[in-house]
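Asker: Below you'll find start_17.cif; it's mmCIF, C-alpha atoms.
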data_structure
#
loop_
_atom_site.label_atom_id
_atom_site.label_comp_id
_atom_site.auth_asym_id
_atom_site.auth_seq_id
_atom_site.Cartn_x
_atom_site.Cartn_y
_atom_site.Cartn_z
CA MET A 29 0.00 0.00 0.00
CA ARG A 30 1.32 3.40 -0.98
CA GLN A 31 1.86 5.75 1.96
CA ILE A 32 1.11 9.45 1.82
CA VAL A 33 3.75 11.35 3.72
CA LYS A 34 2.91 14.89 4.66
CA ILE A 35 5.99 17.10 5.07
CA PRO A 36 5.47 19.67 7.82
CA GLY A 37 5.15 23.20 6.51
CA SER A 38 4.97 22.18 2.86
CA ALA A 39 2.69 20.67 0.26
CA PHE A 40 2.73 17.04 -0.74
CA SER A 41 5.96 15.53 -2.00
CA PRO A 42 6.64 16.72 -5.61
CA CYS A 43 7.24 13.11 -6.60
CA PHE A 44 3.87 12.03 -5.21
CA VAL A 45 2.08 15.02 -6.73
CA LYS A 46 3.54 14.14 -10.14
CA LYS A 47 2.41 10.53 -9.84
CA THR A 48 -1.03 11.60 -8.66
CA CYS A 49 -1.41 14.04 -11.58
CA LEU A 50 -0.40 11.37 -14.05
CA LEU A 51 -2.87 8.96 -12.48
CA GLU A 52 -5.66 11.53 -12.68
CA GLN A 53 -4.78 12.28 -16.30
CA PHE A 54 -4.89 8.57 -17.07
CA ARG A 55 -8.27 8.24 -15.36
CA MET A 56 -9.60 11.27 -17.28
CA THR A 57 -8.24 9.94 -20.55
CA THR A 58 -9.70 6.49 -19.94
CA SER A 59 -13.03 8.03 -18.97
CA MET A 60 -13.03 10.28 -22.01
CA ILE A 61 -12.22 7.39 -24.35
CA SER A 62 -15.02 5.35 -22.79
CA LYS A 63 -17.46 8.19 -23.37
CA LEU A 64 -16.30 8.63 -26.96
CA LYS A 65 -16.59 4.91 -27.61
CA PHE A 66 -20.10 4.94 -26.19
CA ALA A 67 -21.05 7.99 -28.31
CA HIS A 68 -19.67 6.27 -31.43
CA SER A 69 -21.60 3.09 -30.66
CA GLU A 70 -24.78 5.08 -30.06
CA ARG A 71 -24.42 7.04 -33.32
CA LEU A 72 -23.79 3.87 -35.31
CA SER A 73 -26.72 2.11 -33.66
CA ARG A 74 -29.04 5.05 -34.41
CA PHE A 75 -27.83 5.06 -38.01
CA HIS A 76 -28.63 1.35 -38.39
CA GLU A 77 -32.11 1.89 -36.98
CA GLU A 78 -32.78 4.95 -39.12
CA ILE A 79 -31.70 3.11 -42.27
CA LYS A 80 -33.94 0.16 -41.45
CA ALA A 81 -36.97 2.39 -40.81
CA PHE A 82 -36.35 4.75 -43.75
CA LYS A 83 -39.49 5.44 -45.85
CA GLU A 84 -39.03 9.04 -46.95
CA PHE A 85 -39.74 8.27 -50.62
CA GLY A 86 -42.54 5.79 -49.95
CA THR A 87 -40.61 2.52 -50.06
CA ALA A 88 -39.57 0.37 -47.12
CA THR A 89 -35.92 -0.59 -46.72
CA LYS A 90 -34.98 -4.12 -47.69
CA THR A 91 -32.36 -5.72 -45.43
CA PHE A 92 -30.09 -8.61 -46.33
CA GLN A 93 -27.06 -10.24 -44.80
CA LYS A 94 -24.07 -10.84 -47.03
CA ASP A 95 -20.96 -12.88 -46.41
CA PHE A 96 -17.73 -11.09 -47.35
CA ASN A 97 -15.21 -13.89 -46.99
CA GLY A 98 -16.37 -14.81 -43.51
CA GLU A 99 -17.46 -11.30 -42.46
CA ILE A 100 -21.24 -10.98 -42.36
CA LEU A 101 -22.49 -7.46 -43.04
CA PRO A 102 -26.01 -6.03 -43.34
CA GLN A 103 -27.02 -4.65 -46.73
CA TYR A 104 -29.69 -1.96 -46.76
CA ILE A 105 -31.44 -1.20 -50.05
CA ASN A 106 -33.84 1.66 -50.65
CA GLU A 107 -34.14 5.06 -52.27
CA PHE A 108 -32.33 6.99 -49.55
CA TRP A 109 -31.90 10.21 -51.53
CA THR A 110 -33.37 11.60 -54.71
CA SER A 111 -31.38 11.82 -57.93
CA LYS A 112 -33.13 15.04 -58.99
CA GLN A 113 -30.49 17.69 -59.65
CA ARG A 114 -32.78 20.58 -58.68
CA ALA A 115 -33.16 19.13 -55.20
CA ALA A 116 -29.54 20.10 -54.56
CA HIS A 117 -27.96 23.52 -54.18
CA SER A 118 -27.34 25.44 -57.42
CA ILE A 119 -23.68 26.04 -56.48
CA HIS A 120 -22.98 22.38 -57.35
CA GLU A 121 -23.93 22.66 -61.02
CA ILE A 122 -20.43 22.29 -62.45
CA SER A 123 -20.02 19.21 -64.62
CA TYR A 124 -17.36 16.59 -63.98
CA ARG A 125 -17.03 13.03 -65.23
CA ALA A 126 -18.60 10.35 -63.01
CA CYS A 127 -19.37 12.73 -60.14
CA PHE A 128 -22.01 11.76 -57.60
CA LYS A 129 -25.07 13.82 -56.69
CA PRO A 130 -24.77 16.22 -53.72
CA GLN A 131 -27.56 14.35 -51.96
CA LEU A 132 -25.20 11.41 -51.37
CA PRO A 133 -22.62 13.19 -49.19
CA ARG A 134 -25.36 15.23 -47.52
CA PHE A 135 -27.06 12.01 -46.38
CA PHE A 136 -23.93 10.85 -44.54
CA ILE A 137 -22.67 14.25 -43.40
CA ASN A 138 -25.98 15.00 -41.67
CA ARG A 139 -26.04 11.66 -39.87
CA LEU A 140 -22.40 10.83 -39.14
CA SER A 141 -20.83 14.19 -38.33
CA SER A 142 -21.55 17.37 -36.37
CA PRO A 143 -21.11 21.08 -37.15
CA GLY A 144 -17.44 22.00 -36.90
CA ASP A 145 -16.24 18.48 -37.77
CA VAL A 146 -13.70 17.88 -40.53
CA VAL A 147 -15.17 16.16 -43.60
CA TYR A 148 -12.69 14.88 -46.17
CA ASP A 149 -12.78 13.61 -49.76
CA PRO A 150 -9.50 12.11 -51.04
CA PHE A 151 -10.89 11.89 -54.61
CA MET A 152 -12.62 15.27 -54.55
CA GLY A 153 -13.32 15.67 -58.30
CA ARG A 154 -15.50 18.75 -58.72
CA GLY A 155 -15.70 19.15 -54.92
CA THR A 156 -19.23 17.93 -54.20
CA THR A 157 -18.44 16.58 -50.74
CA LEU A 158 -16.44 19.67 -49.80
CA LEU A 159 -19.15 22.12 -50.77
CA GLU A 160 -21.89 20.11 -49.06
CA ALA A 161 -19.76 19.97 -45.93
CA ALA A 162 -19.26 23.74 -45.97
CA LEU A 163 -22.96 24.39 -46.58
CA LEU A 164 -23.67 22.19 -43.54
CA ASP A 165 -21.17 24.12 -41.37
CA ARG A 166 -18.39 21.53 -41.46
CA ILE A 167 -14.70 22.02 -42.25
CA SER A 168 -13.78 20.77 -45.73
CA PHE A 169 -10.65 18.84 -46.65
CA GLY A 170 -10.10 17.61 -50.20
CA CYS A 171 -7.42 15.96 -52.29
CA ASP A 172 -7.16 15.01 -55.95
CA ILE A 173 -4.26 14.14 -58.18
CA ASN A 174 -5.82 16.20 -61.00
CA PRO A 175 -5.12 19.95 -60.65
CA LEU A 176 -8.45 20.59 -62.40
CA SER A 177 -10.21 19.66 -59.17
CA VAL A 178 -8.91 22.72 -57.35
CA VAL A 179 -9.75 24.87 -60.41
CA LEU A 180 -13.36 23.65 -60.28
CA CYS A 181 -13.86 23.54 -56.50
CA GLU A 182 -12.02 26.40 -54.80
CA PRO A 183 -13.78 29.37 -56.49
CA ARG A 184 -17.19 28.28 -55.21
CA PHE A 185 -16.09 28.84 -51.64
CA SER A 186 -15.73 32.56 -52.45
CA PRO A 187 -18.51 33.44 -54.92
CA PRO A 188 -18.08 36.92 -56.48
CA GLU A 189 -20.70 39.52 -57.24
CA ILE A 190 -22.14 39.14 -60.74
CA SER A 191 -21.34 42.78 -61.43
CA ASP A 192 -17.67 42.12 -60.65
CA VAL A 193 -17.63 39.21 -63.09
CA ALA A 194 -19.19 41.35 -65.83
CA LYS A 195 -16.74 44.18 -65.25
CA ARG A 196 -13.74 41.85 -65.32
CA LEU A 197 -14.92 40.14 -68.51
CA ASP A 198 -15.23 43.51 -70.22
CA SER A 199 -11.62 44.30 -69.36
CA ILE A 200 -10.17 41.16 -70.97
CA PRO A 201 -8.97 41.46 -74.60
CA LYS A 202 -10.93 39.59 -77.27
CA MET A 203 -7.90 38.85 -79.41
CA PRO A 204 -4.88 36.81 -78.26
CA SER A 205 -1.38 38.12 -78.79
CA SER A 206 -0.13 34.70 -79.94
CA GLU A 207 -1.24 32.28 -82.62
CA VAL A 208 -4.32 30.17 -81.90
CA ARG A 209 -4.67 26.39 -82.30
CA SER A 210 -6.30 26.00 -85.71
CA ASP A 211 -7.19 22.35 -85.04
CA LEU A 212 -9.69 23.54 -82.43
CA LEU A 213 -11.80 25.02 -85.22
CA ALA A 214 -13.52 21.64 -85.25
CA PHE A 215 -15.23 22.85 -82.05
CA TYR A 216 -15.29 26.63 -82.37
CA HIS A 217 -16.14 29.44 -84.75
CA PRO A 218 -12.96 31.44 -85.56
CA ASP A 219 -14.16 34.50 -83.63
CA THR A 220 -15.11 32.36 -80.64
CA LEU A 221 -11.76 30.58 -80.71
CA ASN A 222 -9.98 33.95 -80.70
CA GLU A 223 -11.91 35.02 -77.59
CA ILE A 224 -11.31 31.70 -75.83
CA SER A 225 -7.59 31.90 -76.65
CA ALA A 226 -7.40 35.50 -75.41
CA LEU A 227 -9.17 34.58 -72.17
CA ARG A 228 -6.86 31.60 -71.70
CA GLU A 229 -3.81 33.79 -72.31
CA TYR A 230 -5.04 36.38 -69.80
CA LEU A 231 -5.72 33.79 -67.09
CA LEU A 232 -2.44 31.92 -67.57
CA ASN A 233 -0.47 35.18 -67.45
CA ARG A 234 -2.28 36.37 -64.32
CA ASN A 235 -1.64 33.01 -62.67
CA HIS A 236 2.05 33.07 -63.61
CA GLU A 237 2.41 36.57 -62.19
CA GLY A 238 0.62 35.65 -58.97
CA LEU A 239 -2.19 38.13 -59.68
CA LEU A 240 -5.09 35.71 -60.10
CA ASP A 241 -7.83 36.85 -57.70
CA SER A 242 -11.17 35.32 -56.71
CA THR A 243 -13.00 36.90 -59.67
CA ASP A 244 -10.41 35.55 -62.13
CA ARG A 245 -10.64 32.11 -60.55
CA TRP A 246 -14.41 32.17 -60.83
CA ILE A 247 -14.26 33.13 -64.52
CA ARG A 248 -11.66 30.42 -65.13
CA MET A 249 -13.89 27.83 -63.46
CA VAL A 250 -17.02 28.78 -65.40
CA ALA A 251 -15.17 29.06 -68.72
CA THR A 252 -13.61 25.63 -68.13
CA ASN A 253 -17.11 24.27 -67.62
CA ARG A 254 -18.46 25.98 -70.76
CA LEU A 255 -15.76 24.86 -73.22
CA THR A 256 -17.80 22.14 -74.92
CA GLY A 257 -21.33 20.85 -74.68
CA HIS A 258 -24.53 20.00 -76.49
CA SER A 259 -26.50 23.27 -76.30
CA SER A 260 -26.12 26.93 -77.26
CA GLY A 261 -25.05 27.77 -73.70
CA PHE A 262 -21.61 26.31 -74.40
CA PHE A 263 -18.77 27.84 -76.42
CA SER A 264 -18.66 24.96 -78.92
CA VAL A 265 -20.79 23.53 -81.69
CA TYR A 266 -22.93 20.52 -80.69
CA THR A 267 -20.75 17.80 -79.20
CA MET A 268 -20.63 15.39 -76.26
CA PRO A 269 -21.79 16.53 -72.79
CA PRO A 270 -19.43 19.01 -71.10
CA ASN A 271 -17.78 16.45 -68.83
CA GLN A 272 -16.45 14.42 -71.75
CA ALA A 273 -14.48 16.17 -74.49
CA VAL A 274 -14.16 14.03 -77.61
CA SER A 275 -11.04 14.01 -79.74
CA ILE A 276 -10.64 16.46 -82.62
CA GLU A 277 -10.99 13.60 -85.11
CA SER A 278 -14.23 12.46 -83.44
CA GLN A 279 -15.61 16.00 -83.47
CA ILE A 280 -14.93 16.32 -87.20
CA LYS A 281 -16.96 13.14 -87.73
CA ILE A 282 -19.79 14.51 -85.57
CA ASN A 283 -19.82 17.70 -87.63
CA GLN A 284 -19.95 15.74 -90.88
CA LYS A 285 -22.68 13.41 -89.64
CA ARG A 286 -24.83 16.29 -88.41
CA ASN A 287 -23.92 18.55 -91.34
CA GLN A 288 -22.98 21.27 -88.86
CA SER A 289 -20.32 23.92 -88.50
CA PRO A 290 -19.41 25.85 -85.33
CA PRO A 291 -21.55 28.98 -84.90
CA PRO A 292 -20.26 32.17 -83.23
CA ARG A 293 -20.86 32.21 -79.48
CA ASP A 294 -20.89 35.08 -77.02
CA ILE A 295 -18.59 33.67 -74.35
CA ARG A 296 -19.09 36.63 -72.01
CA LYS A 297 -22.84 36.16 -72.11
CA SER A 298 -22.39 32.42 -71.52
CA VAL A 299 -20.12 32.94 -68.50
CA LEU A 300 -22.52 35.45 -66.95
CA LYS A 301 -25.54 33.24 -67.57
CA LYS A 302 -23.84 30.27 -65.90
CA THR A 303 -22.73 32.50 -63.02
CA ARG A 304 -26.32 33.53 -62.39
CA THR A 305 -27.40 29.88 -62.41
CA LEU A 306 -24.73 28.86 -59.92
CA LEU A 307 -25.64 31.69 -57.56
CA SER A 308 -29.41 31.48 -58.07
CA ASN A 309 -30.25 30.12 -54.61
CA LEU A 310 -27.21 31.28 -52.68
CA ALA A 311 -28.73 33.28 -49.82
CA PRO A 312 -26.47 35.76 -47.96
CA LEU A 313 -26.32 33.42 -44.95
CA LEU A 314 -25.05 30.52 -47.07
CA ASP A 315 -22.66 32.82 -48.93
CA SER A 316 -21.20 33.90 -45.59
CA SER A 317 -20.99 30.27 -44.42
CA LEU A 318 -19.04 29.26 -47.53
CA THR A 319 -16.64 32.18 -47.16
CA ASP A 320 -16.10 31.49 -43.46
CA ARG A 321 -15.45 27.80 -44.07
CA ARG A 322 -13.07 28.61 -46.92
CA LYS A 323 -10.64 29.99 -44.35
CA GLU A 324 -10.46 26.55 -42.72
CA ALA A 325 -10.78 24.41 -45.86
CA ARG A 326 -7.74 22.52 -47.09
CA LEU A 327 -7.39 21.51 -50.76
CA PHE A 328 -4.45 19.39 -51.88
CA VAL A 329 -3.17 18.24 -55.26
CA GLY A 330 -1.63 14.79 -54.99
CA SER A 331 -2.22 11.09 -54.47
CA ALA A 332 -4.95 9.95 -52.08
CA ALA A 333 -2.49 7.32 -50.83
CA GLU A 334 0.00 9.89 -49.56
CA THR A 335 -1.23 13.04 -47.81
CA PRO A 336 1.49 14.13 -45.36
CA LEU A 337 -0.05 17.58 -44.94
CA ILE A 338 -3.10 16.05 -43.20
CA THR A 339 -2.28 15.28 -39.59
CA ASP A 340 -3.04 12.01 -37.84
CA GLY A 341 -6.55 11.66 -36.43
CA SER A 342 -7.72 15.06 -37.71
CA VAL A 343 -10.68 13.89 -39.84
CA ASN A 344 -14.13 12.99 -38.50
CA LEU A 345 -15.80 11.73 -41.67
CA VAL A 346 -14.70 10.75 -45.17
CA VAL A 347 -17.20 10.63 -48.05
CA THR A 348 -15.66 9.71 -51.36
CA SER A 349 -15.84 7.79 -54.62
CA PRO A 350 -12.65 6.45 -56.25
CA PRO A 351 -11.93 5.87 -59.94
CA PHE A 352 -13.72 2.65 -60.95
CA LEU A 353 -11.30 0.38 -62.75
CA ASP A 354 -11.06 1.46 -66.43
CA VAL A 355 -14.67 2.62 -66.72
CA VAL A 356 -13.75 6.31 -66.98
CA ASN A 357 -10.65 7.73 -68.63
CA TYR A 358 -10.36 11.03 -66.76
CA GLN A 359 -7.18 12.01 -68.57
CA GLN A 360 -8.72 11.58 -72.02
CA ASP A 361 -12.05 13.17 -71.11
CA ASN A 362 -10.37 16.28 -69.69
CA TRP A 363 -7.82 16.98 -72.42
CA LEU A 364 -9.50 20.20 -73.59
CA ARG A 365 -10.02 21.49 -70.06
CA CYS A 366 -6.38 20.76 -69.32
CA TRP A 367 -5.31 22.70 -72.42
CA PHE A 368 -7.34 25.73 -71.37
CA ASN A 369 -5.77 25.68 -67.91
CA GLY A 370 -2.19 25.08 -69.06
CA ILE A 371 -2.07 21.55 -67.60
CA ASP A 372 -0.20 18.72 -69.32
CA PRO A 373 -2.65 15.79 -69.05
CA THR A 374 0.10 13.24 -69.68
CA LYS A 375 1.66 14.28 -66.36
CA VAL A 376 -1.55 13.76 -64.38
CA ASN A 377 -1.16 10.20 -63.13
CA ILE A 378 -4.81 9.30 -62.61
CA TRP A 379 -5.44 5.61 -61.92
CA ASN A 380 -6.97 3.79 -64.87
CA LEU A 381 -6.51 0.22 -63.69
CA LYS A 382 -7.68 -2.64 -65.87
CA LYS A 383 -7.62 -5.57 -63.44
CA VAL A 384 -9.79 -5.67 -60.34
CA GLU A 385 -6.90 -7.18 -58.35
CA ASP A 386 -4.72 -4.14 -59.18
CA TRP A 387 -7.59 -1.81 -58.30
CA GLN A 388 -8.11 -3.56 -54.98
CA SER A 389 -4.40 -3.34 -54.17
CA ALA A 390 -4.43 0.41 -54.91
CA MET A 391 -7.45 0.84 -52.63
CA VAL A 392 -5.58 -0.85 -49.76
CA THR A 393 -2.94 1.90 -49.92
CA VAL A 394 -5.70 4.52 -49.81
CA PHE A 395 -7.43 2.82 -46.86
CA ARG A 396 -4.20 2.76 -44.89
CA GLU A 397 -3.82 6.50 -45.37
CA LEU A 398 -7.45 7.14 -44.50
CA ALA A 399 -7.06 5.04 -41.35
CA ARG A 400 -4.18 7.32 -40.39
CA VAL A 401 -6.02 10.62 -40.88
CA LEU A 402 -9.35 9.48 -39.40
CA ARG A 403 -9.86 9.94 -35.69
CA PRO A 404 -10.71 6.77 -33.72
CA GLY A 405 -14.40 6.12 -34.22
CA GLY A 406 -14.46 8.24 -37.38
CA PHE A 407 -16.46 7.06 -40.40
CA LEU A 408 -15.73 6.45 -44.07
CA ALA A 409 -18.54 6.27 -46.63
CA PHE A 410 -16.90 4.70 -49.68
CA GLU A 411 -19.07 4.82 -52.82
CA VAL A 412 -18.15 2.14 -55.34
CA GLY A 413 -21.04 2.12 -57.81
CA GLU A 414 -21.22 -0.91 -60.03
CA VAL A 415 -19.30 -1.87 -63.14
CA LYS A 416 -19.75 -4.26 -66.07
CA ASN A 417 -23.56 -3.85 -65.97
CA GLY A 418 -23.74 -5.03 -62.39
CA SER A 419 -21.87 -8.27 -62.97
CA LEU A 420 -18.94 -7.00 -60.90
CA LEU A 421 -19.81 -5.59 -57.47
CA LEU A 422 -16.83 -3.65 -56.18
CA GLU A 423 -17.92 -3.90 -52.55
CA ASP A 424 -16.82 -7.53 -52.72
CA PHE A 425 -13.28 -6.22 -53.13
CA VAL A 426 -13.61 -3.07 -51.04
CA VAL A 427 -14.60 -4.79 -47.79
CA PRO A 428 -11.46 -6.97 -47.56
CA ALA A 429 -9.31 -4.06 -48.80
CA GLY A 430 -10.64 -1.85 -46.02
CA ARG A 431 -10.00 -4.55 -43.47
CA GLU A 432 -6.42 -4.90 -44.69
CA GLY A 433 -6.06 -1.12 -44.51
CA GLY A 434 -7.01 -1.08 -40.82
CA LEU A 435 -10.72 -0.21 -40.90
CA ASN A 436 -13.88 -1.97 -39.73
CA ALA A 437 -16.64 -2.55 -42.28
CA GLU A 438 -20.04 -1.76 -40.74
CA MET A 439 -22.63 -2.09 -43.54
CA VAL A 440 -23.39 -1.71 -47.24
CA VAL A 441 -25.92 0.96 -48.23
CA ILE A 442 -27.41 0.61 -51.71
CA ASN A 443 -29.37 3.56 -53.02
CA ALA A 444 -31.59 2.67 -55.98
CA GLN A 445 -34.16 4.84 -57.71
CA GLU A 446 -35.90 2.10 -59.72
CA PHE A 447 -36.63 -1.42 -58.55
CA THR A 448 -37.39 -4.62 -60.45
CA LYS A 449 -39.56 -7.40 -59.08
CA THR A 450 -36.92 -10.07 -58.73
CA SER A 451 -34.99 -10.63 -55.54
CA ASN A 452 -31.72 -10.20 -57.43
CA CYS A 453 -32.47 -6.50 -57.92
CA TRP A 454 -31.85 -5.90 -54.23
CA GLY A 455 -28.12 -6.12 -54.65
CA VAL A 456 -27.65 -9.76 -53.75
CA ASP A 457 -26.43 -10.55 -57.26
CA ASN A 458 -26.86 -7.47 -59.43
CA LEU A 459 -28.86 -4.34 -60.09
CA LYS A 460 -28.68 -4.19 -63.87
CA LYS A 461 -32.35 -3.83 -64.87
CA GLY A 462 -32.40 -0.10 -65.51
CA THR A 463 -31.67 0.93 -61.96
CA ASN A 464 -29.71 4.01 -61.03
CA THR A 465 -27.68 2.87 -58.06
CA ASN A 466 -25.04 4.00 -55.62
CA ARG A 467 -23.32 1.32 -53.57
CA ILE A 468 -21.63 2.59 -50.42
CA VAL A 469 -19.57 0.59 -47.97
CA LEU A 470 -19.54 2.25 -44.56
CA PHE A 471 -16.37 1.78 -42.51
CA SER A 472 -15.26 3.07 -39.14
CA LYS A 473 -11.83 3.43 -37.60
CA PRO A 474 -11.38 1.15 -34.58
CA TRP A 475 -10.38 2.49 -31.18
#
Would you mind writing the file's structure down as structure tokens?
Answerer:
Amino acid sequence: MRQIVKIPGSAFSPCFVKKTCLLEQFRMTTSMISKLKFAHSERLSRFHEEIKAFKEFGTATKTFQKDFNGEILPQYINEFWTSKQRAAHSIHEISYRACFKPQLPRFFINRLSSPGDVVYDPFMGRGTTLLEAALLDRISFGCDINPLSVVLCEPRFSPPEISDVAKRLDSIPKMPSSEVRSDLLAFYHPDTLNEISALREYLLNRNHEGLLDSTDRWIRMVATNRLTGHSSGFFSVYTMPPNQAVSIESQIKINQKRNQSPPPRDIRKSVLKKTRTLLSNLAPLLDSSLTDRRKEARLFVGSAAETPLITDGSVNLVVTSPPFLDVVNYQQDNWLRCWFNGIDPTKVNIWNLKKVEDWQSAMVTVFRELARVLRPGGFLAFEVGEVKNGSLLLEDFVVPAGREGGLNAEMVVINAQEFTKTSNCWGVDNLKKGTNTNRIVLFSKPW
């Protein structure tokens, strides 16, 4: 038994005081961890119950158990969020290949994080998760190996006044000082191509000189989004949707098949029109929230598997969607956007893996890094979609990859807007009969 010796005329022995303080700190730490573990368990339990009882769109949740190599997980299938674009905030309406709807991250952010928490997307794309997090008063972290992601995401944290955009556009020359790319005439009228080239030259020079401000960045973002498309609101003649630029040779064939030639476009009018659309339901309170959260937001260009600038245990929730095997060629689809922004697409090392085993191995490296940056008890909502018409379900490979990366798999959430009558449509085998699905594996970081 330890004896307490009181020294006359003094306080307790310094040695004993030190031991006592350390003991109290240990007790406080243990107590705090116990409380945090309990809170995590309660939040996860509530989430399970809410998912099971979910009927917001009139359909009851279907629940199945699935064996992932000896690990039995619940699968919940329902329409958990709508796919209607107009149900989301207008600030999201920037196109990007294979991006998910804002309703997906909102569903998990609302339920698995609290205001002031850090929400992270290591494959941020156009920045959907980051913007939803900021709109919901969370701190946004994002990473992407493609520099275009920052170009498309960052300006929407600091939206300008429309009058400032108009004034800046009027100050930019309409003719470039250098020769234009004549091969791009497959997409653009000569006058339009001159204006695009002049705008590109202005933005690249301002960026090189360190003078690019928030209004310039906004114009760059909108112009990047308006380069090509299938309506008169874009700079180009009719072509593929704006998130997928075809090759010059393919565009020539489209022009010949449709007997079309590029008409002149008013790019200033187009940029202003798109600006108004993006800001159409941005109330002053939300505008202020975005600006405030921009001060705390962190956007990185680099690999999701190596993020040394994000400290250990600093993230509360991750909501993300990785590149799906070789389904999307981001480098090819973004070649024109890269040109406009002075980016060499051949130097953007985006994963385009052909074999599922290679894809799974790459995901293990990402999971290990996410396990490092997540706080104990933090969550990861990992959206994997479906590939090969539903014959290959990536969650079968994600669950063991997450386990190897140091995370606990908790459930699979399958969001489907259209259901067929067979039992297979509920995700046990496939969901290929016209359904629009998101397949999310929910992980947590163990204590």
Asker: Report as a list in words the full result of the PyMOL selection byres ((chain A and resi 133-145) around 8) when it is applied to this structure.
Answerer: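 Taken on the displayed file, the PyMOL selection byres ((chain A and resi 133-145) around 8) yields the residues Arg71, Phe75, Phe108, Trp109, Lys129, Pro130, Gln131, Leu132, Val146, Val147, Thr156, Thr157, Glu160, Ala161, Leu164, Asp165, Arg166, Ile167, Val343, Asn344, Leu345, Val347, Phe407 and Ala409 of chain A.
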Asker: Store the residues picked out above, limited to C-alpha atoms, as a short mmCIF file (atom, residue, chain, number, x, y, z; two decimals), in the coordinates of the input.
Answerer:
data_model
loop_
_atom_site.label_atom_id
_atom_site.label_comp_id
_atom_site.auth_asym_id
_atom_site.auth_seq_id
_atom_site.Cartn_x
_atom_site.Cartn_y
_atom_site.Cartn_z
CA ARG A 71 -24.42 7.04 -33.32
CA PHE A 75 -27.83 5.06 -38.01
CA PHE A 108 -32.33 6.99 -49.55
CA TRP A 109 -31.90 10.21 -51.53
CA LYS A 129 -25.07 13.82 -56.69
CA PRO A 130 -24.77 16.22 -53.72
CA GLN A 131 -27.56 14.35 -51.96
CA LEU A 132 -25.20 11.41 -51.37
CA VAL A 146 -13.70 17.88 -40.53
CA VAL A 147 -15.17 16.16 -43.60
CA THR A 156 -19.23 17.93 -54.20
CA THR A 157 -18.44 16.58 -50.74
CA GLU A 160 -21.89 20.11 -49.06
CA ALA A 161 -19.76 19.97 -45.93
CA LEU A 164 -23.67 22.19 -43.54
CA ASP A 165 -21.17 24.12 -41.37
CA ARG A 166 -18.39 21.53 -41.46
CA ILE A 167 -14.70 22.02 -42.25
CA VAL A 343 -10.68 13.89 -39.84
CA ASN A 344 -14.13 12.99 -38.50
CA LEU A 345 -15.80 11.73 -41.67
CA VAL A 347 -17.20 10.63 -48.05
CA PHE A 407 -16.46 7.06 -40.40
CA ALA A 409 -18.54 6.27 -46.63
#
Asker: Identify which of the residues A:Thr91, A:Ser331, A:Thr465, A:Ser59 lies closest to Ala390 in chain A, counting all atoms listed in the file when measuring atom-to-atom distances.
Answerer: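 Ranking A:Thr91, A:Ser331, A:Thr465, A:Ser59 by distance to Ala390 in chain A, first place goes to A:Ser331.
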Asker: Write out as a list in words the residues lying within 12 Å of range 259-261 of chain A, counting all atoms listed in the file and excluding same-chain residues fewer than 5 positions away.
Answerer: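 Answer for this query is Tyr216, Val250, Ala251, Asn253, Arg254, Tyr266, Thr267, Met268, Pro269, Pro270, Pro290, Pro291, Pro292, Arg293, Asp294, Ile295, Arg296, Lys297, Ser298, Val299, Leu300, Lys301, Lys302, Thr303 and Thr305 of chain A.
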Asker: So that I can see what lies close to range 231-242 of chain A, please list as a list in words the residues with an atom at most 9 Å from it, counting all atoms listed in the file and leaving out residues fewer than 2 positions away in the same chain.
Answerer: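 The residues satisfying every condition are Pro183, Ser186, Pro187, Pro188, Ala226, Leu227, Arg228, Glu229, Asp244, Arg245, Trp246, Ile247, Arg248, Phe368, Asn369 and Gly370 of chain A.
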Asker: Please, what distance in Å, to one decimal, runs between CA of Ile105 in chain A and CA of Ser69 in chain A?
Answerer: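 Distance between the two atoms: 22.2 Å.
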Asker: I'd like the contact shell of Arg196 in chain A - 10 Å cut-off, all atoms listed in the file, skipping same-chain residues fewer than 3 positions apart - returned as an mmCIF file with C-alpha atoms, in the coordinates of the input.
Answerer:
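Result file follows (part.cif):
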data_model
loop_
_atom_site.group_PDB
_atom_site.id
_atom_site.type_symbol
_atom_site.label_atom_id
_atom_site.label_comp_id
_atom_site.auth_asym_id
_atom_site.auth_seq_id
_atom_site.Cartn_x
_atom_site.Cartn_y
_atom_site.Cartn_z
ATOM 1 C CA ILE A 190 -22.140 39.140 -60.740
ATOM 2 C CA SER A 191 -21.340 42.780 -61.430
ATOM 3 C CA ASP A 192 -17.670 42.120 -60.650
ATOM 4 C CA VAL A 193 -17.630 39.210 -63.090
ATOM 5 C CA SER A 199 -11.620 44.300 -69.360
ATOM 6 C CA ILE A 200 -10.170 41.160 -70.970
ATOM 7 C CA THR A 243 -13.000 36.900 -59.670
ATOM 8 C CA ASP A 244 -10.410 35.550 -62.130
ATOM 9 C CA ILE A 247 -14.260 33.130 -64.520
#
Asker: Anything within 7 Å of (-19.9, 3.8, -49.1): list those residues as a PDB file with C-alpha atoms, keeping the file's coordinate frame, counting all atoms listed in the file and sticking to the file's coordinates.
Answerer:
ATOM      1  CA  ALA A 409     -18.540   6.270 -46.630  1.00  0.00           C
ATOM      2  CA  PHE A 410     -16.900   4.700 -49.680  1.00  0.00           C
ATOM      3  CA  GLU A 411     -19.070   4.820 -52.820  1.00  0.00           C
ATOM      4  CA  VAL A 412     -18.150   2.140 -55.340  1.00  0.00           C
ATOM      5  CA  VAL A 440     -23.390  -1.710 -47.240  1.00  0.00           C
ATOM      6  CA  VAL A 441     -25.920   0.960 -48.230  1.00  0.00           C
ATOM      7  CA  ARG A 467     -23.320   1.320 -53.570  1.00  0.00           C
ATOM      8  CA  ILE A 468     -21.630   2.590 -50.420  1.00  0.00           C
ATOM      9  CA  VAL A 469     -19.570   0.590 -47.970  1.00  0.00           C
ATOM     10  CA  LEU A 470     -19.540   2.250 -44.560  1.00  0.00           C
TER      11      LEU A 470
END
